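Below: the structure, in structure tokens.
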Amino acid sequence: MINLTKCESCNSLIHSKQINIHDNTIKSGIQARYWDCPHCNHKHLILVMDKTSKRLMKDNKKDRERMASINKRAQALRMRNQLSDGQAKLFVEQVEKIETRIKKRTDQLDVRSKKLIKDYEASHV
């Protein structure tokens, strides 16, 4: 599958391997992540992060790792025919709790990111 992105400025199609992502510190504790079009050098803003955003993303990453660990344990027990119905139910409940936390944080990140982007764009007009 070919993954192409279109530049909003020059309308060029860009292969994902041509995109270099950069972080730029806007002010203390706030970074903008963007990529430059290799054809016209237009900066495409991806997101703006602050310390809280970074913490939320880090927490989501840790929770995804926890889910992977739970799934790995469940698969190992299933392969040995040692996964009981009670254990399976417990694993599902654990994963569902983690998914709920991730969704809540992702929603918070979305709201926070939109506000930070709006503030960033207002200060760079």
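Labels for the structure tokens follow display order: chains A, B, ..., residues from 1 in each chain, ligands from 1.
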
Shell of 10 Å around stretch 37-40 of chain A, only C-alpha atoms, local chain residues under 6 positions omitted, as a list in words =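 The filter keeps Thr5, Lys6, Cys7, Glu8, Ser9, Cys10, Asn11, Ser12, Leu13, Ile14, Gln18, Ile19 and Asn20 of chain A.
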
For C-alpha atoms, I'd like the residues from the last selection saved as a CSV table (one decimal), in the first residue's frame.
chain,number,residue,atom,x,y,z
A,5,THR,CA,0.1,13.0,1.5
A,6,LYS,CA,-0.9,16.0,-0.4
A,7,CYS,CA,0.6,19.4,0.3
A,8,GLU,CA,-2.0,22.0,1.1
A,9,SER,CA,0.1,24.7,-0.6
A,10,CYS,CA,1.4,23.3,-3.9
A,11,ASN,CA,-0.9,20.3,-4.2
A,12,SER,CA,2.1,17.9,-4.7
A,13,LEU,CA,1.7,14.3,-3.7
A,14,ILE,CA,4.4,13.3,-1.3
A,18,GLN,CA,9.9,11.9,1.9
A,19,ILE,CA,8.4,13.5,4.9
A,20,ASN,CA,10.7,14.6,7.7

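By chain and then residue number, the residues within 12 Å of A:Asp119 are Ile26, Ile30, Ala32, Leu47, Val48, Met49, Arg112, Ser113, Lys114, Lys115, Leu116, Ala122, Ser123, His124 and Val125 of chain A, counting only C-alpha atoms and disregarding those fewer than 3 positions away in sequence.
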
ask   = How far is it from atom CA of A:Leu90 to atom CA of A:Asp59, in Å with one decimal?
value = 22.0 Å

task = Apply DSSP to the backbone of this structure and, from chain A, keep only the residues in helix (DSSP H, G or I); write these as a ChimeraX atom specification.
result = /A:16-18,51-79,85-123

inquiry  = Can you pull out the residues contacting A:Gly29? Cut-off 12 Å, using only C-alpha atoms, and skip same-chain residues under 2 positions away; I want them as an NGL selection string.
reply    = :A and (24-27 or 31-32 or 48-55)

message = Can you measure atom CA of A:Ala88 to atom CA of A:Arg66 for me? One decimal in Å is fine.
response =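 Calculated distance between atom CA of A:Ala88 and atom CA of A:Arg66 is 15.8 Å.
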
Strand (DSSP E or B) per DSSP on the backbone: members of chain A, as a list in words =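 Secondary structure check on chain A, strand (DSSP E or B): Leu4, Thr5, Lys6, Leu13, Ile14, His15, Ile21, His22, Asp23, Asn24, Thr25, Ile26, Lys27, Ile30, Gln31, Ala32, Arg33, Tyr34, Trp35, Asp36, Lys43, His44, Leu45, Ile46, Leu47, Val48 and Met49 of chain A.
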
ask   = So what do you get for atom CA of A:Leu56 versus atom CA of A:His44, distance-wise?
value =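 Atom-to-atom, atom CA of A:Leu56 and atom CA of A:His44 are spaced 23.1 Å apart.
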
task = Write out as an MDAnalysis selection string the residues lying within 12 Å of A:Lys62, counting only C-alpha atoms and excluding same-chain residues fewer than 4 positions away.
result = chainID A and resid 55:58 66:69 98:99 101:102
